[in-house]
$ cat start27.tsv   # TSV, C-alpha atoms
chain	number	residue	atom	x	y	z
T	748	MET	CA	11.30	0.58	27.95
T	749	ILE	CA	7.77	-0.76	27.56
T	750	GLU	CA	7.66	-3.85	25.36
T	751	PHE	CA	4.81	-6.10	24.20
T	752	HIS	CA	5.20	-9.86	23.89
T	753	PRO	CA	2.30	-11.40	21.91
T	754	MET	CA	0.69	-14.46	23.51
T	755	THR	CA	-1.16	-15.55	20.36
T	756	ARG	CA	-1.16	-14.43	16.75
T	757	ASN	CA	-4.57	-12.77	17.03
T	758	ILE	CA	-5.05	-11.40	20.56
T	759	GLY	CA	-3.23	-10.69	23.79
T	760	ALA	CA	0.25	-9.58	24.84
T	761	GLU	CA	2.30	-9.49	28.02
T	762	VAL	CA	3.72	-6.08	28.85
T	763	THR	CA	7.16	-5.56	30.39
T	764	GLY	CA	9.18	-2.50	31.32
T	765	VAL	CA	6.61	-0.62	33.39
T	766	ASP	CA	5.81	-0.27	37.10
T	767	LEU	CA	2.10	0.39	37.57
T	768	ALA	CA	2.63	1.61	41.13
T	769	LYS	CA	4.21	4.77	39.71
T	770	PRO	CA	2.53	7.54	37.68
T	771	LEU	CA	3.10	7.14	33.95
T	772	ASP	CA	4.35	9.91	31.70
T	773	PRO	CA	2.30	10.83	28.60
T	774	GLU	CA	4.57	8.78	26.31
T	775	GLN	CA	4.10	5.66	28.43
T	776	VAL	CA	0.32	6.13	28.51
T	777	GLN	CA	0.22	6.51	24.72
T	778	ARG	CA	2.44	3.47	24.19
T	779	ILE	CA	0.21	1.30	26.39
T	780	ARG	CA	-2.90	2.62	24.66
T	781	ASP	CA	-1.39	1.87	21.24
T	782	GLY	CA	-0.54	-1.62	22.49
T	783	LEU	CA	-4.13	-2.12	23.63
T	784	LEU	CA	-5.45	-1.13	20.22
T	785	THR	CA	-3.08	-3.62	18.59
T	786	HIS	CA	-3.40	-6.58	20.96
T	787	MET	CA	-6.90	-5.90	22.46
T	788	VAL	CA	-5.97	-7.26	25.91
T	789	LEU	CA	-2.76	-6.59	27.83
T	790	PHE	CA	-1.28	-8.58	30.72
T	791	PHE	CA	1.00	-7.01	33.33
T	792	ARG	CA	2.78	-9.51	35.61
T	793	ASP	CA	4.23	-8.95	39.10
T	794	GLN	CA	2.38	-5.69	39.75
T	795	HIS	CA	1.76	-5.71	43.51
T	796	ILE	CA	-0.24	-2.50	43.70
T	797	THR	CA	-2.81	-1.08	46.11
T	798	ASP	CA	-6.44	-0.32	45.34
T	799	GLU	CA	-5.54	3.38	45.15
T	800	GLU	CA	-2.73	2.68	42.66
T	801	HIS	CA	-5.10	0.44	40.68
T	802	VAL	CA	-7.60	3.31	40.32
T	803	ALA	CA	-4.87	5.85	39.58
T	804	PHE	CA	-3.56	3.67	36.73
T	805	ALA	CA	-7.07	3.24	35.30
T	806	LYS	CA	-7.75	6.99	35.40
T	807	GLN	CA	-4.81	7.62	33.08
T	808	PHE	CA	-6.92	6.05	30.32
T	809	GLY	CA	-10.35	7.49	31.08
T	810	THR	CA	-12.96	8.18	33.74
T	811	ALA	CA	-13.26	5.49	36.41
T	812	ASN	CA	-16.65	3.80	36.12
T	813	LEU	CA	-18.67	2.82	39.20
T	814	PRO	CA	-19.66	-0.86	38.78
T	815	PRO	CA	-23.48	-1.12	38.64
T	816	MET	CA	-23.43	-4.45	40.49
T	817	ASP	CA	-21.41	-3.11	43.43
T	818	THR	CA	-23.11	-0.83	45.96
T	819	SER	CA	-19.93	0.11	47.87
T	820	GLY	CA	-19.49	3.34	45.90
T	821	SER	CA	-15.93	2.40	45.01
T	822	ALA	CA	-14.55	2.12	41.49
T	823	VAL	CA	-12.88	-1.14	42.62
T	824	HIS	CA	-15.36	-4.02	42.48
T	825	VAL	CA	-14.14	-6.95	44.60
T	826	LEU	CA	-15.03	-10.32	43.02
T	827	ASP	CA	-14.90	-12.50	46.13
T	828	GLN	CA	-16.29	-15.77	44.80
T	829	THR	CA	-15.81	-19.23	46.29
T	830	ASP	CA	-18.30	-21.05	44.05
T	831	PRO	CA	-18.45	-18.96	40.84
T	832	LYS	CA	-19.85	-21.61	38.49
T	833	GLY	CA	-23.18	-20.41	37.14
T	834	GLU	CA	-22.73	-16.80	38.30
T	835	GLY	CA	-22.10	-15.46	34.79
T	836	GLY	CA	-18.33	-15.15	34.67
T	837	ASP	CA	-18.11	-18.71	33.34
T	838	SER	CA	-19.89	-17.77	30.11
T	839	TRP	CA	-18.72	-15.49	27.31
T	840	HIS	CA	-19.65	-11.88	28.00
T	841	SER	CA	-18.53	-8.28	27.70
T	842	ASP	CA	-18.70	-6.26	30.91
T	843	ASN	CA	-21.62	-3.90	31.47
T	844	THR	CA	-23.04	-3.80	27.96
T	845	PHE	CA	-26.41	-3.16	29.61
T	846	MET	CA	-25.26	0.41	30.34
T	847	ARG	CA	-26.20	3.25	28.00
T	848	THR	CA	-22.50	4.11	27.69
T	849	PRO	CA	-20.47	0.97	28.49
T	850	PRO	CA	-16.90	1.48	29.72
T	851	MET	CA	-14.07	1.29	27.17
T	852	GLY	CA	-12.47	-1.55	29.11
T	853	SER	CA	-11.94	-3.34	32.40
T	854	LEU	CA	-8.84	-3.49	34.61
T	855	LEU	CA	-8.63	-6.77	36.53
T	856	ARG	CA	-6.13	-7.60	39.29
T	857	ALA	CA	-5.48	-10.90	41.06
T	858	VAL	CA	-5.12	-10.66	44.85
T	859	ILE	CA	-6.22	-14.09	46.12
T	860	LEU	CA	-6.46	-17.12	43.83
T	861	PRO	CA	-7.67	-20.73	44.06
T	862	GLU	CA	-5.05	-23.46	44.23
T	863	VAL	CA	-6.02	-24.67	40.77
T	864	GLY	CA	-8.15	-23.36	37.89
T	865	GLY	CA	-9.54	-19.89	37.50
T	866	ASP	CA	-8.07	-19.13	34.07
T	867	THR	CA	-9.73	-16.33	32.09
T	868	LEU	CA	-10.19	-16.21	28.32
T	869	TRP	CA	-10.63	-13.20	26.04
T	870	ALA	CA	-11.74	-13.19	22.43
T	871	ASN	CA	-11.05	-11.04	19.39
T	872	MET	CA	-14.53	-9.91	18.37
T	873	ASN	CA	-13.21	-8.25	15.21
T	874	MET	CA	-12.28	-11.72	13.97
T	875	ALA	CA	-15.60	-13.14	15.20
T	876	TYR	CA	-17.34	-10.59	12.96
T	877	ASP	CA	-14.98	-11.24	10.04
T	878	SER	CA	-15.66	-14.99	10.31
T	879	LEU	CA	-19.34	-14.56	9.42
T	880	ALA	CA	-20.51	-15.12	5.85
T	881	PRO	CA	-20.60	-11.88	3.83
T	882	TRP	CA	-24.40	-11.88	3.63
T	883	LEU	CA	-24.63	-12.37	7.39
T	884	ARG	CA	-22.19	-9.52	8.03
T	885	ARG	CA	-24.35	-7.24	5.88
T	886	LEU	CA	-27.43	-8.25	7.87
T	887	CYS	CA	-25.69	-7.72	11.20
T	888	ASP	CA	-24.49	-4.28	10.09
T	889	GLU	CA	-28.15	-3.21	10.05
T	890	LEU	CA	-29.28	-4.88	13.30
T	891	TYR	CA	-29.66	-3.60	16.85
T	892	ALA	CA	-29.93	-5.65	20.06
T	893	GLU	CA	-31.52	-5.05	23.43
T	894	HIS	CA	-29.20	-5.41	26.44
T	895	ASP	CA	-30.66	-5.97	29.91
T	896	LEU	CA	-28.96	-6.67	33.28
T	897	THR	CA	-31.89	-8.78	34.56
T	898	MET	CA	-30.44	-12.14	33.49
T	899	SER	CA	-27.00	-11.65	35.01
T	900	VAL	CA	-28.28	-10.12	38.27
T	901	THR	CA	-30.86	-12.88	38.67
T	902	LYS	CA	-28.08	-15.50	38.36
T	903	ALA	CA	-26.14	-13.77	41.14
T	904	ILE	CA	-29.20	-13.58	43.40
T	905	VAL	CA	-29.96	-17.28	42.89
T	906	LYS	CA	-26.37	-18.04	43.93
T	907	GLY	CA	-26.87	-16.15	47.19
T	908	HIS	CA	-25.57	-12.66	46.45
T	909	ARG	CA	-27.62	-9.89	48.08
T	910	MET	CA	-28.78	-7.48	45.38
T	911	ASP	CA	-31.87	-5.33	44.88
T	912	LEU	CA	-32.95	-6.36	41.39
T	913	ARG	CA	-35.78	-3.82	41.11
T	914	ASP	CA	-33.53	-0.93	42.16
T	915	MET	CA	-30.85	-1.98	39.68
T	916	GLN	CA	-33.43	-2.31	36.90
T	917	GLU	CA	-34.69	1.22	37.63
T	918	LYS	CA	-31.17	2.64	37.53
T	919	ASN	CA	-30.20	0.61	34.44
T	920	PRO	CA	-33.25	0.06	32.20
T	921	PRO	CA	-32.80	-2.00	29.00
T	922	VAL	CA	-30.74	-0.26	26.32
T	923	VAL	CA	-30.25	-0.82	22.61
T	924	HIS	CA	-26.81	-1.10	20.99
T	925	PRO	CA	-25.74	-1.94	17.42
T	926	VAL	CA	-25.03	-5.63	16.84
T	927	VAL	CA	-21.85	-4.48	15.11
T	928	ARG	CA	-19.81	-1.72	16.71
T	929	VAL	CA	-17.12	0.24	14.89
T	930	HIS	CA	-14.06	1.13	16.96
T	931	PRO	CA	-13.64	4.93	16.86
T	932	GLU	CA	-9.83	4.72	16.58
T	933	THR	CA	-9.08	1.63	14.51
T	934	GLY	CA	-12.24	1.68	12.38
T	935	ARG	CA	-12.56	-2.10	12.77
T	936	LYS	CA	-15.95	-3.73	13.15
T	937	ALA	CA	-16.65	-5.99	16.13
T	938	LEU	CA	-19.55	-8.31	16.88
T	939	TYR	CA	-21.24	-6.87	19.97
T	940	VAL	CA	-23.63	-9.47	21.41
T	941	ASN	CA	-23.33	-11.78	24.40
T	942	ARG	CA	-25.52	-14.32	26.17
T	943	SER	CA	-25.31	-12.60	29.57
T	944	SER	CA	-27.01	-9.38	28.50
T	945	VAL	CA	-28.66	-9.57	25.08
T	946	THR	CA	-32.35	-10.46	25.21
T	947	ARG	CA	-33.43	-9.97	21.58
T	948	LEU	CA	-32.63	-8.52	18.18
T	949	ILE	CA	-34.81	-5.50	17.49
T	950	GLY	CA	-37.33	-5.83	14.65
T	951	LEU	CA	-37.03	-9.62	14.32
T	952	SER	CA	-39.73	-12.09	15.25
T	953	ARG	CA	-39.29	-14.45	18.19
T	954	ARG	CA	-38.65	-17.33	15.80
T	955	GLU	CA	-36.04	-15.32	13.88
T	956	ASN	CA	-34.35	-14.43	17.17
T	957	GLU	CA	-34.30	-18.07	18.22
T	958	ALA	CA	-32.55	-18.96	14.97
T	959	LEU	CA	-30.06	-16.09	14.65
T	960	LEU	CA	-29.03	-15.13	18.17
T	961	PRO	CA	-27.43	-18.50	19.14
T	962	LEU	CA	-25.41	-18.41	15.91
T	963	LEU	CA	-24.08	-14.94	16.74
T	964	PHE	CA	-23.44	-15.81	20.38
T	965	ASP	CA	-21.39	-18.86	19.37
T	966	ALA	CA	-19.14	-17.00	16.93
T	967	VAL	CA	-16.92	-16.22	19.94
T	968	ARG	CA	-16.17	-19.91	20.58
T	969	ASP	CA	-13.53	-20.43	17.88
T	970	PRO	CA	-10.19	-21.02	19.72
T	971	GLN	CA	-8.23	-19.15	17.05
T	972	PHE	CA	-9.92	-15.93	18.24
T	973	GLN	CA	-8.99	-16.51	21.90
T	974	VAL	CA	-6.21	-16.03	24.44
T	975	ARG	CA	-6.06	-17.75	27.85
T	976	LEU	CA	-4.50	-16.22	30.95
T	977	ASN	CA	-3.23	-18.32	33.84
T	978	TRP	CA	-3.39	-15.89	36.73
T	979	ARG	CA	-0.71	-15.29	39.33
T	980	VAL	CA	-1.04	-12.99	42.34
T	981	GLY	CA	0.05	-9.57	41.09
T	982	THR	CA	-1.18	-10.07	37.51
$ encode --input "start27.tsv" --output "C-alpha cells"
Amino acid sequence: MIEFHPMTRNIGAEVTGVDLAKPLDPEQVQRIRDGLLTHMVLFFRDQHITDEEHVAFAKQFGTANLPPMDTSGSAVHVLDQTDPKGEGGDSWHSDNTFMRTPPMGSLLRAVILPEVGGDTLWANMNMAYDSLAPWLRRLCDELYAEHDLTMSVTKAIVKGHRMDLRDMQEKNPPVVHPVVRVHPETGRKALYVNRSSVTRLIGLSRRENEALLPLLFDAVRDPQFQVRLNWRVGT
C-alpha cells in the first residue's frame, strides 16, 4: 500500500509501498497525485529504474516535456555537472517558467552523486505568498512578470556549456505570467517569481522593480517553507 511520510510540517513526504519500475494502476496514480497536491514534493527512495521506466512513470501524470536546454531530443535531460556552482541550480528557481506553458512538475533521479554535498531544497510557495502583508498580497494579485531564459542560458554558456543562445531565444521568446498563480485543483495561491527567469514586473518603473522584485524573490528563503533532500543513488 502506498504511504506518505511527511518530512516537514509544511512540505515534502517520502513515499513507500510502490515500485516505479512497474506500471501503476489508476488507483495508484490517483493516490500519488493526491499526495503531490498535499505535500507538493514527493521522494521515492531505492528506485533503480531505467531511463525508459523514468519516462513511462512521468507519462502517467501528463505529457512528457522536451527540456528546452537539452538538444538531444529526449525527455530525459542529463545534468552531468562537475562544477555546478554559478550555473543556476544553486539559486532558488522553478523549472522552465520561461515557457509559454510551463510543465506541471519535474521528475528528478539520482544516478551518480558526489561524495559529499549536493542536497536539493524545495519551498512551499503557497506559504511564501501567505507570508506577505495583506496589502502586498493584493498588489501581487494584480501584477504580471516577464520570464526570459536569457539569464540562465548565459550562465551556462559562461561556465563552458555549448548552447546556441540566439536559437533558444527564437524558440522561447520572453513570456508573461501572473506573479500569483492559482492552482487549478487546490485553489491555493502561490508566488510565481524567481531570480533565474524573471526580468521585470510589467507596468512598474525600473525603480519600482528594483524595490519590489528582490523582496518577492527573497520570500522563498524562510526555512519554515522548505524541505531538504539528501540524495542517494536510486532516489
$ atom_distance --input "start27.tsv" --atom1 "atom CA of T:Ile779" --atom2 "atom CA of T:Val802"
16.1 Å
$ closest_residue --input "start27.tsv" --among "T:Leu976, T:Met851, T:Ala768, T:Val776" --to "T:Ile749" --atoms "only C-alpha atoms"
T:Val776
$ residues_around --input "start27.tsv" --residues "T:Val823" --least-positions-apart "3" --cutoff "8 Å" --atoms "only C-alpha atoms" --output "list in words"
Asp798, Val802, Leu813 and Pro814 of chain T
$ closest_residue --input "start27.tsv" --among "T:Arg979, T:His786, T:Lys832, T:Arg884" --to "T:Arg928" --atoms "all atoms listed in the file"
T:Arg884
$ residues_around --input "start27.tsv" --residues "stretch 940-948 of chain T" --least-positions-apart "2" --cutoff "6 Å" --atoms "all atoms listed in the file" --output "MDAnalysis selection string"
chainID T and resid 840 891:896 899 951 964
$ write_last_selection --input "start27.tsv" --atoms "C-alpha atoms" --output "compact mmCIF listing (two decimals), in the coordinates of the input"
# COMPACT_ATOMS: atom_id res chain seq x y z
CA HIS T 840 -19.65 -11.88 28.00
CA TYR T 891 -29.66 -3.60 16.85
CA ALA T 892 -29.93 -5.65 20.06
CA GLU T 893 -31.52 -5.05 23.43
CA HIS T 894 -29.20 -5.41 26.44
CA ASP T 895 -30.66 -5.97 29.91
CA LEU T 896 -28.96 -6.67 33.28
CA SER T 899 -27.00 -11.65 35.01
CA LEU T 951 -37.03 -9.62 14.32
CA PHE T 964 -23.44 -15.81 20.38
$ closest_residue --input "start27.tsv" --among "T:Glu957, T:Asp877, T:Asp911, T:Glu800" --to "T:Ala937" --atoms "all atoms listed in the file"
T:Asp877
$ residues_around --input "start27.tsv" --residues "stretch 869-872 of chain T" --least-positions-apart "6" --cutoff "8 Å" --atoms "all atoms listed in the file" --output "list in words"
Asn757, Ile758, Met787, Val788, Ala937, Leu938, Tyr939, Val967, Phe972, Gln973, Val974 and Arg975 of chain T
$ atom_distance --input "start27.tsv" --atom1 "atom CA of T:Ile859" --atom2 "atom CA of T:Asn843"
23.6 Å
$ atom_distance --input "start27.tsv" --atom1 "atom CA of T:Tyr876" --atom2 "atom CA of T:Gly934"
13.3 Å
$ residues_near_point --input "start27.tsv" --point "(-3.3, 3.6, 38.4)" --cutoff "12 Å" --atoms "all atoms listed in the file" --output "ChimeraX atom specification"
/T:765-772,776,794-811,822-823,854-856
$ write_last_selection --input "start27.tsv" --atoms "C-alpha atoms" --output "compact mmCIF listing (two decimals), keeping the file's coordinate frame"
# COMPACT_ATOMS: atom_id res chain seq x y z
CA VAL T 765 6.61 -0.62 33.39
CA ASP T 766 5.81 -0.27 37.10
CA LEU T 767 2.10 0.39 37.57
CA ALA T 768 2.63 1.61 41.13
CA LYS T 769 4.21 4.77 39.71
CA PRO T 770 2.53 7.54 37.68
CA LEU T 771 3.10 7.14 33.95
CA ASP T 772 4.35 9.91 31.70
CA VAL T 776 0.32 6.13 28.51
CA GLN T 794 2.38 -5.69 39.75
CA HIS T 795 1.76 -5.71 43.51
CA ILE T 796 -0.24 -2.50 43.70
CA THR T 797 -2.81 -1.08 46.11
CA ASP T 798 -6.44 -0.32 45.34
CA GLU T 799 -5.54 3.38 45.15
CA GLU T 800 -2.73 2.68 42.66
CA HIS T 801 -5.10 0.44 40.68
CA VAL T 802 -7.60 3.31 40.32
CA ALA T 803 -4.87 5.85 39.58
CA PHE T 804 -3.56 3.67 36.73
CA ALA T 805 -7.07 3.24 35.30
CA LYS T 806 -7.75 6.99 35.40
CA GLN T 807 -4.81 7.62 33.08
CA PHE T 808 -6.92 6.05 30.32
CA GLY T 809 -10.35 7.49 31.08
CA THR T 810 -12.96 8.18 33.74
CA ALA T 811 -13.26 5.49 36.41
CA ALA T 822 -14.55 2.12 41.49
CA VAL T 823 -12.88 -1.14 42.62
CA LEU T 854 -8.84 -3.49 34.61
CA LEU T 855 -8.63 -6.77 36.53
CA ARG T 856 -6.13 -7.60 39.29
$ closest_residue --input "start27.tsv" --among "T:His824, T:His924, T:Arg847, T:Arg953" --to "T:Glu889" --atoms "all atoms listed in the file"
T:His924
$ closest_residue --input "start27.tsv" --among "T:Glu955, T:Glu917, T:Glu761, T:Glu774" --to "T:Asp793" --atoms "all atoms listed in the file"
T:Glu761
$ closest_residue --input "start27.tsv" --among "T:Pro881, T:Pro961, T:Pro773, T:Pro815" --to "T:Leu912" --atoms "only C-alpha atoms"
T:Pro815
$ axis_aligned_box --input "start27.tsv" --around "stretch 854-859 of chain T" --padding-each-side "4 Å" --output "JSON"
{"center_x": -7.0, "center_y": -8.8, "center_z": 40.4, "size_x": 11.7, "size_y": 18.6, "size_z": 19.5}
